[in-house]
file input04.pdb (PDB, C-alpha atoms)
ATOM      1  CA  MET A  26      44.043  14.692 -14.926
ATOM      2  CA  ASP A  27      42.041  11.805 -13.437
ATOM      3  CA  ALA A  28      41.028  13.976 -10.493
ATOM      4  CA  ILE A  29      39.875  16.710 -12.880
ATOM      5  CA  ASN A  30      37.824  14.208 -14.894
ATOM      6  CA  PHE A  31      36.338  12.835 -11.699
ATOM      7  CA  LEU A  32      35.177  16.319 -10.677
ATOM      8  CA  ASP A  33      33.810  17.041 -14.151
ATOM      9  CA  ILE A  34      30.239  16.106 -13.248
ATOM     10  CA  ARG A  35      27.396  17.214 -15.494
ATOM     11  CA  PHE A  36      23.984  18.338 -14.311
ATOM     12  CA  LEU A  37      22.493  15.285 -16.028
ATOM     13  CA  ASP A  38      24.754  13.030 -13.936
ATOM     14  CA  ILE A  39      23.389  14.578 -10.743
ATOM     15  CA  LEU A  40      19.839  14.327 -12.062
ATOM     16  CA  ASP A  41      20.444  10.672 -12.952
ATOM     17  CA  ILE A  42      21.610   9.899  -9.402
ATOM     18  CA  VAL A  43      18.687  11.769  -7.819
ATOM     19  CA  LEU A  44      16.103  10.004 -10.008
ATOM     20  CA  VAL A  45      17.593   6.583  -9.239
ATOM     21  CA  ALA A  46      17.570   7.431  -5.513
ATOM     22  CA  VAL A  47      13.916   8.501  -5.703
ATOM     23  CA  LEU A  48      12.997   5.347  -7.625
ATOM     24  CA  LEU A  49      14.774   3.067  -5.140
ATOM     25  CA  PHE A  50      13.200   4.903  -2.202
ATOM     26  CA  TYR A  51       9.699   4.495  -3.600
ATOM     27  CA  ILE A  52      10.260   0.830  -4.460
ATOM     28  CA  PHE A  53      11.487   0.262  -0.900
ATOM     29  CA  LYS A  54       8.426   2.070   0.485
ATOM     30  CA  LEU A  55       6.166  -0.006  -1.757
ATOM     31  CA  ILE A  56       7.509  -3.378  -0.599
ATOM     32  CA  LYS A  57       8.433  -2.476   3.005
ATOM     33  CA  GLY A  58       6.969  -4.956   5.441
ATOM     34  CA  THR A  59       6.470  -7.704   2.845
ATOM     35  CA  ALA A  60       8.462 -10.825   1.981
ATOM     36  CA  ALA A  61       9.472  -9.085  -1.247
ATOM     37  CA  ILE A  62      11.794  -6.742   0.690
ATOM     38  CA  ASN A  63      14.198  -9.637   1.428
ATOM     39  CA  ILE A  64      14.261 -10.612  -2.251
ATOM     40  CA  PHE A  65      14.888  -6.988  -3.232
ATOM     41  CA  ILE A  66      17.796  -6.693  -0.777
ATOM     42  CA  GLY A  67      19.244  -9.991  -2.066
ATOM     43  CA  ILE A  68      19.125  -8.753  -5.673
ATOM     44  CA  ALA A  69      20.732  -5.456  -4.644
ATOM     45  CA  ILE A  70      23.585  -7.341  -2.926
ATOM     46  CA  ILE A  71      24.165  -9.541  -6.004
ATOM     47  CA  TYR A  72      24.190  -6.434  -8.210
ATOM     48  CA  LEU A  73      26.784  -4.706  -5.990
ATOM     49  CA  ILE A  74      28.958  -7.853  -6.013
ATOM     50  CA  TRP A  75      28.657  -7.967  -9.811
ATOM     51  CA  LYS A  76      29.818  -4.342 -10.136
ATOM     52  CA  LEU A  77      32.693  -5.061  -7.736
ATOM     53  CA  THR A  78      33.841  -8.084  -9.773
ATOM     54  CA  GLN A  79      33.742  -5.901 -12.890
ATOM     55  CA  ALA A  80      35.883  -3.238 -11.213
ATOM     56  CA  LEU A  81      38.368  -5.899 -10.038
ATOM     57  CA  GLU A  82      38.344  -7.496 -13.522
ATOM     58  CA  MET A  83      37.272 -10.886 -12.179
ATOM     59  CA  GLU A  84      36.016 -11.923 -15.588
ATOM     60  CA  LEU A  85      34.624 -15.402 -14.862
ATOM     61  CA  LEU A  86      32.594 -14.464 -11.785
ATOM     62  CA  SER A  87      31.544 -11.200 -13.403
ATOM     63  CA  ASP A  88      30.297 -13.060 -16.469
ATOM     64  CA  ILE A  89      28.320 -15.566 -14.355
ATOM     65  CA  LEU A  90      26.687 -12.854 -12.248
ATOM     66  CA  GLY A  91      25.976 -10.738 -15.323
ATOM     67  CA  LYS A  92      24.165 -13.608 -17.039
ATOM     68  CA  PHE A  93      22.245 -14.364 -13.837
ATOM     69  CA  LEU A  94      21.048 -10.771 -13.517
ATOM     70  CA  GLY A  95      20.317 -10.448 -17.224
ATOM     71  CA  GLY A  96      18.337 -13.678 -17.459
ATOM     72  CA  GLY A  97      16.446 -13.103 -14.237
ATOM     73  CA  PHE A  98      14.238 -10.326 -15.605
ATOM     74  CA  ILE A  99      11.275 -12.625 -16.312
ATOM     75  CA  ALA A 100      11.682 -14.272 -12.906
ATOM     76  CA  LEU A 101      11.563 -10.841 -11.262
ATOM     77  CA  ILE A 102       8.297 -10.032 -13.029
ATOM     78  CA  ILE A 103       6.802 -13.250 -11.629
ATOM     79  CA  VAL A 104       8.127 -12.723  -8.112
ATOM     80  CA  PHE A 105       7.152  -9.047  -7.942
ATOM     81  CA  GLN A 106       3.914  -9.233  -9.945
ATOM     82  CA  GLN A 107       1.781  -7.734  -7.154
ATOM     83  CA  GLU A 108       4.278  -4.933  -6.491
ATOM     84  CA  ILE A 109       4.658  -4.192 -10.230
ATOM     85  CA  ARG A 110       0.867  -4.054 -10.536
ATOM     86  CA  LYS A 111       0.693  -1.540  -7.687
ATOM     87  CA  PHE A 112       3.535   0.533  -9.157
ATOM     88  CA  LEU A 113       1.871   0.714 -12.593
ATOM     89  CA  LEU A 114      -1.469   1.496 -10.978
ATOM     90  CA  MET A 115       0.184   4.298  -9.043
ATOM     91  CA  LEU A 116       1.704   5.734 -12.241
ATOM     92  CA  GLY A 117      -1.634   5.645 -14.027
ATOM     93  CA  SER A 118      -3.631   6.866 -11.072
ATOM     94  CA  THR A 119      -5.447  10.167 -11.506
ATOM     95  CA  ASN A 120      -4.705  10.936  -7.855
ATOM     96  CA  PHE A 121      -1.003  10.526  -8.437
ATOM     97  CA  ALA A 122      -0.960  13.010 -11.294
ATOM     98  CA  THR A 123      -3.287  15.635  -9.876
ATOM     99  CA  LYS A 124      -3.421  15.638  -6.100
ATOM    100  CA  LYS A 125      -0.959  18.143  -4.630
ATOM    101  CA  GLY A 126       1.496  17.648  -7.437
ATOM    102  CA  PHE A 127       3.665  14.845  -8.709
ATOM    103  CA  MET A 128       6.663  15.188  -6.419
ATOM    104  CA  LYS A 129       4.643  15.495  -3.217
ATOM    105  CA  LYS A 130       3.717  11.835  -3.479
ATOM    106  CA  PHE A 131       7.244  11.102  -2.322
ATOM    107  CA  SER A 132       7.325  11.623   1.424
ATOM    108  CA  PHE A 133      10.640  13.465   1.556
ATOM    109  CA  PHE A 134       9.273  16.106  -0.831
ATOM    110  CA  ASN A 135       6.085  16.480   1.160
ATOM    111  CA  THR A 136       6.310  19.080   3.891
ATOM    112  CA  GLU A 137       2.603  18.952   4.720
ATOM    113  CA  ILE A 138       1.477  16.432   7.302
ATOM    114  CA  ALA A 139      -2.157  15.455   6.826
ATOM    115  CA  PRO A 140      -4.131  15.344  10.071
ATOM    116  CA  ASN A 141      -5.186  11.814  10.956
ATOM    117  CA  ASP A 142      -7.556  12.561  13.818
ATOM    118  CA  HIS A 143     -10.320  10.687  11.972
ATOM    119  CA  ILE A 144      -8.404   7.432  12.575
ATOM    120  CA  ASP A 145      -9.179   7.715  16.299
ATOM    121  CA  ILE A 146     -12.875   8.004  15.419
ATOM    122  CA  ILE A 147     -12.760   5.042  13.023
ATOM    123  CA  VAL A 148     -10.952   2.733  15.451
ATOM    124  CA  SER A 149     -13.214   3.744  18.358
ATOM    125  CA  PHE A 150     -16.231   3.017  16.134
ATOM    126  CA  CYS A 151     -14.803  -0.395  15.177
ATOM    127  CA  GLU A 152     -14.288  -1.244  18.849
ATOM    128  CA  GLU A 153     -17.953  -0.461  19.537
ATOM    129  CA  MET A 154     -19.052  -2.593  16.572
ATOM    130  CA  SER A 155     -16.750  -5.375  17.782
ATOM    131  CA  ARG A 156     -18.527  -5.479  21.148
ATOM    132  CA  ILE A 157     -21.950  -5.923  19.535
ATOM    133  CA  LYS A 158     -20.608  -8.140  16.702
ATOM    134  CA  THR A 159     -21.669  -5.941  13.817
ATOM    135  CA  GLY A 160     -19.824  -6.453  10.541
ATOM    136  CA  VAL A 161     -17.706  -3.554   9.261
ATOM    137  CA  LEU A 162     -15.536  -3.125   6.158
ATOM    138  CA  ILE A 163     -13.674   0.171   5.816
ATOM    139  CA  VAL A 164     -11.114   1.000   3.125
ATOM    140  CA  LEU A 165      -8.654   3.864   3.657
ATOM    141  CA  GLU A 166      -7.506   5.371   0.372
ATOM    142  CA  ARG A 167      -3.872   6.448   0.107
ATOM    143  CA  ASN A 168      -2.015   7.391  -3.094
ATOM    144  CA  ASN A 169      -3.685   5.070  -5.597
ATOM    145  CA  SER A 170      -7.055   6.201  -6.910
ATOM    146  CA  LEU A 171      -9.901   3.858  -5.941
ATOM    147  CA  GLU A 172     -12.259   5.240  -8.557
ATOM    148  CA  PHE A 173     -12.414   1.799 -10.175
ATOM    149  CA  VAL A 174     -14.218   0.439  -7.101
ATOM    150  CA  LYS A 175     -16.090   3.584  -6.045
ATOM    151  CA  ILE A 176     -18.159   3.419  -9.225
ATOM    152  CA  THR A 177     -19.656   0.132  -7.970
ATOM    153  CA  GLY A 178     -21.235   1.872  -4.962
ATOM    154  CA  ASP A 179     -22.818   5.165  -3.959
ATOM    155  CA  LYS A 180     -20.552   8.197  -4.054
ATOM    156  CA  MET A 181     -20.615  10.415  -0.971
ATOM    157  CA  HIS A 182     -18.819  13.404   0.473
ATOM    158  CA  ILE A 183     -19.357  13.293   4.215
ATOM    159  CA  GLU A 184     -16.868  14.154   6.942
ATOM    160  CA  VAL A 185     -16.031  11.142   9.096
ATOM    161  CA  ASN A 186     -17.853  11.007  12.407
ATOM    162  CA  LYS A 187     -19.140   8.193  14.571
ATOM    163  CA  PRO A 188     -22.909   8.790  14.144
ATOM    164  CA  ILE A 189     -22.547   8.672  10.344
ATOM    165  CA  LEU A 190     -20.532   5.444  10.503
ATOM    166  CA  LYS A 191     -23.115   3.903  12.847
ATOM    167  CA  SER A 192     -25.951   4.843  10.493
ATOM    168  CA  ILE A 193     -24.099   3.258   7.560
ATOM    169  CA  PHE A 194     -23.223  -0.051   9.256
ATOM    170  CA  TYR A 195     -26.440  -0.428  11.237
ATOM    171  CA  LYS A 196     -27.661  -3.917  10.351
ATOM    172  CA  ASN A 197     -30.945  -2.745   8.846
ATOM    173  CA  SER A 198     -29.386   0.141   6.942
ATOM    174  CA  PRO A 199     -29.549  -0.024   3.119
ATOM    175  CA  LEU A 200     -25.887   1.068   3.105
ATOM    176  CA  HIS A 201     -24.743  -1.771   5.392
ATOM    177  CA  ASP A 202     -23.665  -4.167   2.635
ATOM    178  CA  GLY A 203     -20.338  -3.566   0.917
ATOM    179  CA  ALA A 204     -17.396  -1.385   1.894
ATOM    180  CA  VAL A 205     -17.021   2.247   2.872
ATOM    181  CA  VAL A 206     -14.164   4.163   1.233
ATOM    182  CA  ILE A 207     -12.564   6.971   3.238
ATOM    183  CA  GLU A 208     -10.085   9.467   1.812
ATOM    184  CA  ASN A 209      -8.350  11.681   4.376
ATOM    185  CA  ASN A 210     -11.266  12.483   6.741
ATOM    186  CA  VAL A 211     -14.058  12.207   4.149
ATOM    187  CA  ILE A 212     -16.334   9.260   3.366
ATOM    188  CA  THR A 213     -16.262   9.224  -0.455
ATOM    189  CA  ALA A 214     -18.280   6.067  -1.215
ATOM    190  CA  THR A 215     -20.532   3.488   0.445
ATOM    191  CA  ARG A 216     -21.909   0.084  -0.625
ATOM    192  CA  VAL A 217     -18.717  -0.451  -2.612
ATOM    193  CA  ILE A 218     -18.106  -3.878  -4.135
ATOM    194  CA  LEU A 219     -14.455  -4.824  -3.714
ATOM    195  CA  PRO A 220     -12.494  -7.245  -5.929
ATOM    196  CA  ILE A 221     -12.204 -10.750  -4.503
ATOM    197  CA  ASP A 222      -8.789 -12.415  -4.647
ATOM    198  CA  ASN A 223      -9.152 -16.202  -4.748
ATOM    199  CA  THR A 224      -5.474 -16.842  -5.478
ATOM    200  CA  ILE A 225      -4.275 -16.127  -1.941
ATOM    201  CA  GLU A 226      -4.874 -18.650   0.830
ATOM    202  CA  ILE A 227      -6.453 -17.261   3.994
ATOM    203  CA  PRO A 228      -7.616 -19.072   7.159
ATOM    204  CA  ALA A 229     -10.990 -20.798   6.801
ATOM    205  CA  HIS A 230     -12.602 -18.739   9.584
ATOM    206  CA  PHE A 231     -12.162 -15.555   7.516
ATOM    207  CA  GLY A 232     -15.224 -14.873   5.381
ATOM    208  CA  LEU A 233     -16.065 -12.956   2.218
ATOM    209  CA  ARG A 234     -15.662  -9.601   3.957
ATOM    210  CA  HIS A 235     -12.050 -10.413   4.824
ATOM    211  CA  ARG A 236     -11.316 -11.742   1.339
ATOM    212  CA  ALA A 237     -12.693  -8.527  -0.188
ATOM    213  CA  ALA A 238     -10.512  -6.444   2.160
ATOM    214  CA  LEU A 239      -7.523  -8.530   1.128
ATOM    215  CA  GLY A 240      -8.355  -8.094  -2.570
ATOM    216  CA  ILE A 241      -8.277  -4.287  -2.523
ATOM    217  CA  THR A 242      -4.961  -4.175  -0.627
ATOM    218  CA  VAL A 243      -3.179  -6.374  -3.184
ATOM    219  CA  ARG A 244      -4.548  -4.320  -6.099
ATOM    220  CA  SER A 245      -3.737  -0.923  -4.614
ATOM    221  CA  ASP A 246      -1.905   0.670  -1.699
ATOM    222  CA  ALA A 247      -5.163   1.069   0.250
ATOM    223  CA  LEU A 248      -5.560  -0.073   3.860
ATOM    224  CA  SER A 249      -8.546  -2.071   5.145
ATOM    225  CA  ILE A 250     -10.182  -2.508   8.527
ATOM    226  CA  VAL A 251     -12.626  -5.366   9.089
ATOM    227  CA  VAL A 252     -14.853  -6.216  12.027
ATOM    228  CA  SER A 253     -16.071  -9.808  11.930
ATOM    229  CA  GLU A 254     -19.816 -10.246  12.258
ATOM    230  CA  GLU A 255     -19.318 -13.745  13.701
ATOM    231  CA  THR A 256     -16.590 -13.145  16.283
ATOM    232  CA  GLY A 257     -16.290  -9.362  16.628
ATOM    233  CA  GLN A 258     -12.561  -9.662  15.882
ATOM    234  CA  ILE A 259     -10.953  -6.512  14.430
ATOM    235  CA  SER A 260      -8.583  -7.177  11.528
ATOM    236  CA  TYR A 261      -6.240  -4.716   9.841
ATOM    237  CA  ILE A 262      -5.038  -5.539   6.314
ATOM    238  CA  ASN A 263      -2.125  -3.822   4.624
ATOM    239  CA  ASN A 264      -0.521  -5.132   1.440
ATOM    240  CA  GLY A 265      -2.292  -8.460   1.738
ATOM    241  CA  ALA A 266      -1.140  -9.127   5.314
ATOM    242  CA  PHE A 267      -3.626  -9.649   8.196
ATOM    243  CA  ILE A 268      -3.045  -8.293  11.683
ATOM    244  CA  LEU A 269      -5.553  -9.094  14.426
ATOM    245  CA  PHE A 270      -5.980  -6.489  17.153
ATOM    246  CA  GLU A 271      -7.194  -6.341  20.721
ATOM    247  CA  ASP A 272      -5.628  -2.973  21.632
ATOM    248  CA  GLY A 273      -7.246  -0.061  19.771
ATOM    249  CA  ASN A 274      -4.479   2.404  20.712
ATOM    250  CA  GLU A 275      -1.862   0.201  19.071
ATOM    251  CA  LEU A 276      -3.991  -0.056  15.925
ATOM    252  CA  ILE A 277      -4.384   3.739  15.778
ATOM    253  CA  GLU A 278      -0.639   4.266  15.913
ATOM    254  CA  ILE A 279       0.050   1.663  13.210
ATOM    255  CA  ILE A 280      -2.578   3.075  10.822
ATOM    256  CA  LYS A 281      -1.366   6.642  11.308
ATOM    257  CA  ASP A 282       2.201   5.531  10.653
ATOM    258  CA  ASP A 283       1.154   3.703   7.477
ATOM    259  CA  LEU A 284      -0.810   6.717   6.222
ATOM    260  CA  ASN A 285       2.152   9.107   6.576
TER     261      ASN A 285
END

call {"tool": "encode", "arguments": {"input": "input04.pdb", "output": "structure tokens"}}
result
Amino acid sequence: MDAINFLDIRFLDILDIVLVAVLLFYIFKLIKGTAAINIFIGIAIIYLIWKLTQALEMELLSDILGKFLGGGFIALIIVFQQEIRKFLLMLGSTNFATKKGFMKKFSFFNTEIAPNDHIDIIVSFCEEMSRIKTGVLIVLERNNSLEFVKITGDKMHIEVNKPILKSIFYKNSPLHDGAVVIENNVITATRVILPIDNTIEIPAHFGLRHRAALGITVRSDALSIVVSEETGQISYINNGAFILFEDGNELIEIIKDDLN
């Protein structure tokens, strides 16, 4: 009889398991590569131990762990505030609801692989600007809509190519100030004013351009590339973390991997 009951699985049970799996996968993808991933894994381990103590009827330990998990909800909101902000922004994003369908935002439902040849152009352009110490700030849009920052600049619809990028970031160009937003292989906005995050400590030698690049990556899932006007150093920012690069080929591979 127990075996029969065990096999008596409803469609809603399967759907419940699939939805939880999708949710956990997306949360993992959201916090992958950040310090939050270790906290998430720790909470998952405590939860599994709690369920095990319940199954083994270890009442005292089960009660302690249950109260810890139940009372830690507010602490989780504080610890994961940036990730929760990104998740809610993703849910409310117009891109998320309209572009290629809801389920295709999850990579294992997406059978189409977007070409990322424009990344080679962008990185090659940044290397040229690095040699002549010309400031560059490029934002690569992913799943979250960046409409809230595009409205601060000039909307465009130009396919990415090196001459266009040079004309934008030429020092005497009227489009030089601010950021350029690129979606897939299209420049969608120039002269964009990005949000500045003053709550996160960054090295003193990083200027306003770097702080702006940091601000957009902690408020969305966008990626940023910065070329310092003072040193020519190329910086790549993803999820609020800086990576400094000397090898353009390595940077291309990392950006393409993050975009997929």

call {"tool": "atom_distance", "arguments": {"input": "input04.pdb", "atom1": "atom CA of Val164 of chain A", "atom2": "atom CA of Leu248 of chain A"}}
result
5.7 Å

call {"tool": "residues_around", "arguments": {"input": "input04.pdb", "residues": "Glu184 of chain A", "least_positions_apart": "6", "cutoff": "9 Å", "atoms": "all atoms listed in the file", "output": "list in words"}}
result
His143, Asn210, Val211, Ile212 and Thr213 of chain A

call {"tool": "resolve_selection", "arguments": {"input": "input04.pdb", "expression": "the PyMOL selection byres ((chain A and resi 223) around 12)", "output": "NGL selection string"}}
result
:A and (220-222 or 224-227 or 232-233 or 235-237 or 239-240 or 243)

call {"tool": "atom_distance", "arguments": {"input": "input04.pdb", "atom1": "atom CA of Cys151 of chain A", "atom2": "atom CA of Ala204 of chain A"}}
result
13.6 Å

call {"tool": "atom_distance", "arguments": {"input": "input04.pdb", "atom1": "atom CA of Thr242 of chain A", "atom2": "atom CA of Pro188 of chain A"}}
result
26.6 Å

call {"tool": "resolve_selection", "arguments": {"input": "input04.pdb", "expression": "the PyMOL selection byres ((chain A and resi 194) around 12)", "output": "number ranges by chain"}}
result
A: 150-151, 153-155, 157-163, 187-193, 195-205, 215-216, 251-252, 254

call {"tool": "resolve_selection", "arguments": {"input": "input04.pdb", "expression": "the PyMOL selection byres ((chain A and resi 270) around 10)", "output": "JSON, numbers by chain"}}
result
{"A": [152, 258, 259, 260, 261, 267, 268, 269, 271, 272, 273, 274, 275, 276]}
